[in-house]
Structures are given as C-alpha cells and as structure tokens.
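Please read the structure below before turning to the comments.
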Amino acid sequence: MRRKPLCFPPSARSLSQRIRGDAMTVAEKAQALLRRRLCSPTFAHAAFKSSPESNYSKLRFLISSSIAEACNNSVLLLGPRGSGKIAVVELVLEDLKAEHPDAISVIRLNGLLHSDDNCALKEIARQLCVEHQLLFSKMASSDDNSQFVMDMLRECGLAHKTIIVILDEFDLFTQDADQLLEKRIRSRFSHRKLLFVPPSKEDVQRLLECLLHLPKDSSFPSKYVTEFNRRLSNILSDKKFKEVLDSLLDVDGSVSNLLRLLFRAVSYMDMESGLLSLENFKSAYLCTYRQPKIDNLEDASILELYILVCMNRLETKEQNSYNFNSIMKEYKAIHDAYKTSDNYANNVCLRAFEHLLEQELIGFTDSKGRTPSIEFHPVKLLISSRELYQGLTSNSSCPAILQKLFDHESYK
C-alpha cells in the first residue's frame, strides 16, 4: 500500500524555523545591498559631496563655471591609483548631465590607447559623430578629421554646448603630467590641480557608516535594521577593529583598498544571524594581506622572542646603534629584574640570533655583516612594533612576561 507523505499546514512549522527562514532571506538582501554599494566607487565618494572642501565640490564648481560662462578651462587631477580620480569625475558628470541634459558633450581619451596624435584625433572625431548621430568614416585622413573636429567645436559653441574632454592615463600623453608638457600646450592649461590624498580618519569613519549602515526607510524589517546598525556601531567603535583598520591604512590608505576589505568582510557575514561581526573584518584583513613575518613569529622559539623584544626595547630607548652584545645586556637586565626561568647560555643565544637573521626578521645595518664575528656588527629590527606585538599574541609559547612588557610600555 502506497503511503501518503505527511503534510503539515504552514502554521504547524515551528516559530524558530519560520524566523530562521525569514532571516536568511533578509540577510541575503542586506548582503546584496552592501555588495552593490561596495562595488560602486561613485557611491563611496558621494559620501563627501556635501563638503565644500572635497574634490567633488571643487571640480563641480570649475566645470559648472565653464558651462555657465562658456569659457575654456582645464584641471589636472593628481593622485595614486585607487585614490578616486575617475570616480569623482564620473560623479560630477552624472550630476551635471542631470542638471544640463542638452548642454554637455563628453569626449573620453585614454593614454593607453590614444597617445598618438593621429589616433587621438580620429577617436575624437568618432565620438563626436556618435554623440551627434553623424556618419563616421574610418577612411578619413588626419586632415579631414582635424577639419571636422574644428567645425564641430565651432557649431557646439554657437549652440551653447560645452565639450568636456577627459584624458585618462594623462602621463602617457606627455611622459610627465606636470613638467614635460610643451610650452605651447602648457600655456593653454590653467594650471589648476586637484590633489587626491587618502581620506583622514574622520572621513574614513564617516565613509564606513555611509557604506555599511542599513537605511531605516527601506523594505527591511525595522527590528532587523535597528539590530544590524547597533551591532555595526559597536564594531566600528571597538579597539580591535580600529587596530585592523590602522593596519590596513598603514599599507594603503586609498578608498579602493578600503572597499576591497569591506567587500570581503560582507562576504563573510553570517547568513544565519544576518549580522556582521568583528571576526568578519579580521578574516577579511588576513585574507587580503599575507603576513609571512607574523607567520614566522608564530613559530619562533621563546629565546628568539626574547631577542626581538630586547631589540625593540633598545630602539624605543633611542639607542640607534646596537649589536648582539648590547642585546645580551638587555636580556640579562630583564632576567635579573623579573627573575625569569628563561636563562640561556651565550652560545645558544647566538644560534637563535643567527636564525633570526636567516628569517630576515632582523638584519645588519651595514653591508659588512657576513663576517666571523657577527656579534659585533650593528643590527636592526625588520619588523614594526605592531607586527611584533601581533606575533607575541599569536605565539602559543610566548611567556606572559613579554606581553606584559609590551602592555606596560604601550608598544601596541
């Protein structure tokens, strides 16, 4: 006899199962929203639109003036890759096109593709044809393209239409974006420059809140939004999170680098609870940056840790020049002061010292270190105090006294 499957009405499902199923759906929507934000550089830089000192405000004012006064102008955007030059330009153009829908025409050139004069002129002609729905001839000569561009510029001027030319990878057009322009070309530039620098800590904090907080006026349940934002605020104010953030910004303080870290953290979000955690950001950082030196510190012997701590203490005391013998004096001072049981013979300490040299956790300050008497040559640490502290906390064999020394001296 065929048995019928057991069927229960929806009301028979346990409350926890229903909540869990709903929470998964909400969590997935929240994660998708955050990912869309983090994949949009323009969204990130829109957080600074209200500031009159932002590059967005300065660039918008400059281009708006050119449109309103029908005058020629130029500006050079300077900054490392990932600093937001393209994102700010796109954000400004998006807003100005909405404000002046029929008064702007944009030409885009890239130094990787159009650094040759003829190639650049042909591309300008092609884009003008597309913009104004004209037929472009691939067989046109450079003279024909030049004459066409001049005619189009004249017609656009009569029609009160502004043409904005964007030269991306500008240094490839000139070999040096600031100094090696020809005089006749340099004289046509207004010498305005916008410098894109990493955001300040205050700006980073504001950016984090803008990128990661869920909107209250949304389709998400109000209780979920409240709990999500409360948990996020606790994370952002946590001392350990700030240590992770400082480590990231010390390596690369650009907005694009921050966005990569946040995207990874959001991808690690627990879909069961639908909430972010401090561990998500720690895992994202460790995945973003390989830390071979800290990995070496995790496997370092107790004696090697003592040597590193002694060297760090000497450098903190501003003792710029020290050698193995100086380190041993500091090691003995710690042993005598705290009566530790970790007391090793001088030849054992020398072998540990040589092993640290091989691992490149320490190094000689000069090029003459490879001699029989290495204990007399000046050395230096090749790791920062923060890296050493992280190595001590992650090493399961690290004596408590070494961590206490760091805590007491505020080496974190």
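Residue numbers start at 1 in each chain; chains themselves are named A, B, ... in the order of the structure tokens; ligands are numbered from 1 in the order shown.
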
With only C-alpha atoms as the counted atoms, please give the residues lying no more than 9 Å from stretch 339-341 of chain A, apart from itself and same-chain residues fewer than 4 positions off, as a PDB file with C-alpha atoms, in the first residue's frame.
```
ATOM      1  CA  ILE A 334      65.111  41.586  32.021  1.00  0.00           C
ATOM      2  CA  HIS A 335      66.139  38.276  33.582  1.00  0.00           C
ATOM      3  CA  ILE A 401      56.243  38.497  30.878  1.00  0.00           C
TER       4      ILE A 401
END
```

Name all residues at most 9 Å from A:Leu382 (count only C-alpha atoms; drop same-chain ones fewer than 5 positions away) and give them as a ChimeraX atom specification.
/A:360-363

Just the selected residues (N, CA, C and O atoms), exported as a compact mmCIF listing (two decimals), in the first residue's frame, please.
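New file selection-v1.txt:
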```txt
# COMPACT_ATOMS: atom_id res chain seq x y z
N GLU A 360 65.20 36.81 8.24
CA GLU A 360 65.08 38.23 7.87
C GLU A 360 64.07 38.96 8.75
O GLU A 360 63.40 39.90 8.31
N LEU A 361 63.96 38.53 10.00
CA LEU A 361 63.21 39.29 10.99
C LEU A 361 64.08 40.40 11.57
O LEU A 361 63.57 41.39 12.08
N ILE A 362 65.39 40.21 11.50
CA ILE A 362 66.36 41.23 11.87
C ILE A 362 67.41 41.29 10.76
O ILE A 362 67.51 40.36 9.95
N GLY A 363 68.18 42.36 10.72
CA GLY A 363 69.20 42.48 9.68
C GLY A 363 70.32 43.41 10.12
O GLY A 363 70.18 44.16 11.09
```

Need to verify the contact set: A:Asp295, 12 Å, only C-alpha atoms, exclusion of same-chain residues closer than 4 positions in sequence. Can you return it as a count of residues only?
16

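Nearest residue to A:Leu113, choosing from A:Leu167, A:Ala30, A:Ile383, A:Met139 and counting only C-alpha atoms: A:Leu167.
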
Option closest in space to A:Ile124, from A:Ser141, A:His160, A:Asn325, A:Val165 [counting only C-alpha atoms]:
A:Val165

DSSP alpha helix (DSSP H) selection over stretch 183-232 of chain A, as a VMD selection string:
chain A and resid 183 to 186 201 to 212 222 to 232

Residues of stretch 79-143 of chain A that approach stretch 248-252 of chain A to 12 Å or less, counting only C-alpha atoms: could you list each one with the shortest pair of atoms and its distance in Å to one decimal, rows by chain and increasing residue number, as a Markdown table?
```
| residue | atom | partner | partner_atom | distance |
| --- | --- | --- | --- | --- |
| A:Pro80 | CA | A:Asp252 | CA | 10.4 |
| A:Arg81 | CA | A:Asp252 | CA | 10.6 |
| A:Gly82 | CA | A:Asp252 | CA | 9.6 |
| A:Ser83 | CA | A:Asp252 | CA | 10.0 |
```

Take the residues that were just selected and, keeping C-alpha atoms, output them as a compact mmCIF listing (two decimals), in the first residue's frame.
```
# COMPACT_ATOMS: atom_id res chain seq x y z
CA PRO A 80 47.89 57.40 -6.95
CA ARG A 81 45.83 54.63 -8.45
CA GLY A 82 42.72 53.89 -6.46
CA SER A 83 42.53 57.37 -4.94
```

Contact residues around stretch 352-356 of chain A with only C-alpha atoms at 12 Å, ignoring same-chain residues under 4 positions, as an mmCIF file with N, CA, C and O atoms, in the first residue's frame:
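The file below, selection34.cif, is the result:
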```cif
data_model
loop_
_atom_site.group_PDB
_atom_site.id
_atom_site.type_symbol
_atom_site.label_atom_id
_atom_site.label_comp_id
_atom_site.auth_asym_id
_atom_site.auth_seq_id
_atom_site.Cartn_x
_atom_site.Cartn_y
_atom_site.Cartn_z
ATOM 1 N N LYS A 293 55.946 37.482 7.921
ATOM 2 C CA LYS A 293 56.751 37.758 9.112
ATOM 3 C C LYS A 293 56.017 37.364 10.382
ATOM 4 O O LYS A 293 56.601 36.795 11.311
ATOM 5 N N ASN A 296 56.127 33.706 10.739
ATOM 6 C CA ASN A 296 57.406 33.268 11.315
ATOM 7 C C ASN A 296 57.434 33.479 12.817
ATOM 8 O O ASN A 296 57.998 32.673 13.568
ATOM 9 N N LEU A 297 56.846 34.571 13.267
ATOM 10 C CA LEU A 297 56.817 34.851 14.699
ATOM 11 C C LEU A 297 55.976 33.834 15.465
ATOM 12 O O LEU A 297 56.255 33.524 16.618
ATOM 13 N N ASP A 299 55.898 30.751 14.935
ATOM 14 C CA ASP A 299 56.703 29.538 15.110
ATOM 15 C C ASP A 299 58.044 29.815 15.791
ATOM 16 O O ASP A 299 58.859 28.901 15.929
ATOM 17 N N ALA A 300 58.261 31.058 16.207
ATOM 18 C CA ALA A 300 59.553 31.406 16.809
ATOM 19 C C ALA A 300 59.691 30.772 18.195
ATOM 20 O O ALA A 300 58.704 30.553 18.910
ATOM 21 N N SER A 301 60.935 30.491 18.573
ATOM 22 C CA SER A 301 61.192 29.921 19.898
ATOM 23 C C SER A 301 61.084 31.014 20.960
ATOM 24 O O SER A 301 61.075 32.208 20.655
ATOM 25 N N ILE A 302 61.020 30.593 22.221
ATOM 26 C CA ILE A 302 60.936 31.552 23.323
ATOM 27 C C ILE A 302 62.157 32.466 23.331
ATOM 28 O O ILE A 302 62.044 33.684 23.512
ATOM 29 N N LEU A 303 63.335 31.882 23.117
ATOM 30 C CA LEU A 303 64.557 32.667 23.129
ATOM 31 C C LEU A 303 64.560 33.707 22.009
ATOM 32 O O LEU A 303 64.993 34.849 22.196
ATOM 33 N N GLU A 304 64.090 33.312 20.830
ATOM 34 C CA GLU A 304 64.026 34.259 19.710
ATOM 35 C C GLU A 304 63.081 35.414 20.026
ATOM 36 O O GLU A 304 63.352 36.563 19.668
ATOM 37 N N LEU A 305 61.975 35.120 20.699
ATOM 38 C CA LEU A 305 61.050 36.180 21.092
ATOM 39 C C LEU A 305 61.713 37.140 22.081
ATOM 40 O O LEU A 305 61.527 38.365 21.992
ATOM 41 N N TYR A 306 62.486 36.596 23.010
ATOM 42 C CA TYR A 306 63.210 37.450 23.959
ATOM 43 C C TYR A 306 64.172 38.386 23.227
ATOM 44 O O TYR A 306 64.269 39.578 23.539
ATOM 45 N N ILE A 307 64.898 37.849 22.249
ATOM 46 C CA ILE A 307 65.850 38.675 21.496
ATOM 47 C C ILE A 307 65.129 39.812 20.762
ATOM 48 O O ILE A 307 65.571 40.964 20.772
ATOM 49 N N LEU A 308 64.003 39.492 20.154
ATOM 50 C CA LEU A 308 63.248 40.507 19.421
ATOM 51 C C LEU A 308 62.709 41.590 20.359
ATOM 52 O O LEU A 308 62.737 42.775 20.034
ATOM 53 N N CYS A 310 63.976 42.441 23.253
ATOM 54 C CA CYS A 310 65.134 43.230 23.702
ATOM 55 C C CYS A 310 65.540 44.261 22.659
ATOM 56 O O CYS A 310 65.858 45.419 22.989
ATOM 57 N N MET A 311 65.530 43.867 21.395
ATOM 58 C CA MET A 311 65.873 44.801 20.327
ATOM 59 C C MET A 311 64.847 45.929 20.245
ATOM 60 O O MET A 311 65.203 47.100 20.045
ATOM 61 N N ASN A 323 74.365 45.974 18.949
ATOM 62 C CA ASN A 323 74.750 44.696 18.354
ATOM 63 C C ASN A 323 74.317 43.548 19.269
ATOM 64 O O ASN A 323 73.580 43.754 20.238
ATOM 65 N N PHE A 324 74.773 42.356 18.936
ATOM 66 C CA PHE A 324 74.394 41.172 19.709
ATOM 67 C C PHE A 324 74.773 41.323 21.186
ATOM 68 O O PHE A 324 73.995 40.963 22.077
ATOM 69 N N ASN A 325 75.935 41.859 21.448
ATOM 70 C CA ASN A 325 76.364 42.027 22.833
ATOM 71 C C ASN A 325 75.452 42.990 23.591
ATOM 72 O O ASN A 325 75.145 42.776 24.778
ATOM 73 N N ILE A 327 72.328 43.463 22.941
ATOM 74 C CA ILE A 327 71.065 42.739 23.137
ATOM 75 C C ILE A 327 71.167 41.814 24.343
ATOM 76 O O ILE A 327 70.229 41.694 25.137
ATOM 77 N N MET A 328 72.315 41.164 24.495
ATOM 78 C CA MET A 328 72.501 40.248 25.617
ATOM 79 C C MET A 328 72.486 40.988 26.968
ATOM 80 O O MET A 328 71.991 40.454 27.963
ATOM 81 N N TYR A 344 69.378 31.389 29.122
ATOM 82 C CA TYR A 344 70.093 30.554 28.160
ATOM 83 C C TYR A 344 71.558 30.979 28.076
ATOM 84 O O TYR A 344 71.900 32.143 28.292
ATOM 85 N N ALA A 345 72.399 30.025 27.717
ATOM 86 C CA ALA A 345 73.833 30.285 27.562
ATOM 87 C C ALA A 345 74.082 31.189 26.362
ATOM 88 O O ALA A 345 73.271 31.262 25.420
ATOM 89 N N ASN A 346 75.210 31.853 26.352
ATOM 90 C CA ASN A 346 75.522 32.822 25.315
ATOM 91 C C ASN A 346 75.602 32.183 23.926
ATOM 92 O O ASN A 346 75.129 32.764 22.934
ATOM 93 N N ASN A 347 76.177 30.970 23.843
ATOM 94 C CA ASN A 347 76.295 30.318 22.528
ATOM 95 C C ASN A 347 74.926 29.897 21.986
ATOM 96 O O ASN A 347 74.690 29.912 20.777
ATOM 97 N N VAL A 348 74.008 29.541 22.884
ATOM 98 C CA VAL A 348 72.638 29.205 22.455
ATOM 99 C C VAL A 348 71.931 30.456 21.941
ATOM 100 O O VAL A 348 71.232 30.428 20.925
ATOM 101 N N GLU A 360 65.199 36.813 8.235
ATOM 102 C CA GLU A 360 65.078 38.226 7.874
ATOM 103 C C GLU A 360 64.071 38.964 8.752
ATOM 104 O O GLU A 360 63.400 39.898 8.315
ATOM 105 N N LEU A 361 63.963 38.526 10.003
ATOM 106 C CA LEU A 361 63.210 39.288 10.990
ATOM 107 C C LEU A 361 64.081 40.397 11.568
ATOM 108 O O LEU A 361 63.575 41.390 12.080
ATOM 109 N N ILE A 362 65.388 40.206 11.496
ATOM 110 C CA ILE A 362 66.358 41.234 11.866
ATOM 111 C C ILE A 362 67.410 41.292 10.759
ATOM 112 O O ILE A 362 67.512 40.361 9.945
ATOM 113 N N GLY A 363 68.182 42.359 10.719
ATOM 114 C CA GLY A 363 69.204 42.479 9.680
ATOM 115 C C GLY A 363 70.318 43.409 10.122
ATOM 116 O O GLY A 363 70.185 44.160 11.094
ATOM 117 N N PHE A 364 71.428 43.361 9.395
ATOM 118 C CA PHE A 364 72.562 44.231 9.684
ATOM 119 C C PHE A 364 72.296 45.625 9.132
ATOM 120 O O PHE A 364 71.655 45.781 8.085
ATOM 121 N N GLY A 369 78.129 42.638 7.305
ATOM 122 C CA GLY A 369 77.732 41.792 8.418
ATOM 123 C C GLY A 369 78.169 40.355 8.306
ATOM 124 O O GLY A 369 78.312 39.671 9.314
ATOM 125 N N ARG A 370 78.411 39.885 7.106
ATOM 126 C CA ARG A 370 78.750 38.476 6.912
ATOM 127 C C ARG A 370 80.232 38.230 7.191
ATOM 128 O O ARG A 370 81.027 37.978 6.302
ATOM 129 N N PRO A 372 83.066 36.486 10.407
ATOM 130 C CA PRO A 372 83.058 35.525 11.530
ATOM 131 C C PRO A 372 82.548 36.114 12.833
ATOM 132 O O PRO A 372 81.956 35.419 13.643
ATOM 133 N N SER A 373 82.748 37.399 13.081
ATOM 134 C CA SER A 373 82.366 38.000 14.362
ATOM 135 C C SER A 373 81.078 38.807 14.194
ATOM 136 O O SER A 373 81.071 40.030 14.344
ATOM 137 N N ILE A 374 79.986 38.125 13.905
ATOM 138 C CA ILE A 374 78.734 38.841 13.638
ATOM 139 C C ILE A 374 78.162 39.493 14.889
ATOM 140 O O ILE A 374 77.348 40.410 14.789
ATOM 141 N N GLU A 375 78.611 39.029 16.065
ATOM 142 C CA GLU A 375 78.040 39.601 17.290
ATOM 143 C C GLU A 375 78.487 41.046 17.526
ATOM 144 O O GLU A 375 77.944 41.726 18.399
ATOM 145 N N VAL A 379 72.939 45.855 14.309
ATOM 146 C CA VAL A 379 71.768 45.214 13.709
ATOM 147 C C VAL A 379 70.540 46.090 13.938
ATOM 148 O O VAL A 379 70.579 47.078 14.674
ATOM 149 N N LYS A 380 69.442 45.706 13.297
ATOM 150 C CA LYS A 380 68.182 46.433 13.456
ATOM 151 C C LYS A 380 67.022 45.468 13.243
ATOM 152 O O LYS A 380 67.166 44.405 12.623
ATOM 153 N N LEU A 381 65.866 45.849 13.771
ATOM 154 C CA LEU A 381 64.646 45.071 13.553
ATOM 155 C C LEU A 381 64.125 45.320 12.147
ATOM 156 O O LEU A 381 64.159 46.453 11.652
ATOM 157 N N LEU A 382 63.605 44.268 11.517
ATOM 158 C CA LEU A 382 62.984 44.395 10.200
ATOM 159 C C LEU A 382 61.477 44.242 10.285
ATOM 160 O O LEU A 382 60.809 44.029 9.266
ATOM 161 N N ILE A 383 60.945 44.321 11.502
ATOM 162 C CA ILE A 383 59.500 44.275 11.719
ATOM 163 C C ILE A 383 59.112 45.458 12.591
ATOM 164 O O ILE A 383 59.917 45.979 13.351
#
```

Report as a list in words all protein, DNA and RNA residues lying within 10 Å of A:Arg206, evaluated on only C-alpha atoms, omitting residues in the same chain fewer than 5 positions from it.
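Non-adjacent residues within range: Ala47, Phe48, Ser200, Lys201 and Leu211 of chain A.
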
All strand (DSSP E or B) residues (DSSP, backbone) inside stretch 109-304 of chain A, as number ranges by chain:
A: 109-110, 162-168, 193-195, 270, 275

Could you pull the residues within 10 Å of A:Lys138, counting only C-alpha atoms, minus those fewer than 2 positions along the same chain, as a compact mmCIF listing (two decimals) with N, CA, C and O atoms, in the first residue's frame?
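Result saved to out23.txt:
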```
# COMPACT_ATOMS: atom_id res chain seq x y z
N LYS A 122 41.44 60.92 -34.45
CA LYS A 122 40.45 60.05 -35.07
C LYS A 122 39.40 59.63 -34.04
O LYS A 122 38.20 59.57 -34.35
N ALA A 125 36.99 62.52 -33.35
CA ALA A 125 36.02 62.63 -34.44
C ALA A 125 34.97 61.54 -34.35
O ALA A 125 33.77 61.80 -34.56
N ARG A 126 35.39 60.32 -34.04
CA ARG A 126 34.42 59.20 -33.94
C ARG A 126 33.39 59.45 -32.84
O ARG A 126 32.19 59.27 -33.05
N LEU A 135 27.48 60.16 -39.48
CA LEU A 135 28.17 59.01 -40.04
C LEU A 135 29.68 59.24 -39.96
O LEU A 135 30.20 60.26 -40.44
N PHE A 136 30.39 58.31 -39.35
CA PHE A 136 31.84 58.41 -39.21
C PHE A 136 32.53 57.58 -40.28
O PHE A 136 32.18 56.43 -40.51
N ALA A 140 38.73 58.39 -43.37
CA ALA A 140 39.05 59.81 -43.40
C ALA A 140 40.51 60.03 -43.02
O ALA A 140 41.05 59.35 -42.14
N SER A 141 41.14 61.01 -43.66
CA SER A 141 42.54 61.33 -43.37
C SER A 141 42.64 62.16 -42.09
O SER A 141 41.63 62.65 -41.57
N ASN A 145 39.85 64.67 -40.47
CA ASN A 145 39.39 64.57 -39.07
C ASN A 145 39.63 65.88 -38.32
O ASN A 145 38.79 66.32 -37.53
```

Would you mind listing what lies within 8 Å of stretch 239-246 of chain A as a PyMOL selection string, with only C-alpha atoms counted and same-chain residues fewer than 2 positions away left out?
chain A and resi 235-237+248-250+278+281-282+285

Gap from atom CA of A:Ala284 to atom CA of A:Ala46 - Å, one decimal:
24.4 Å
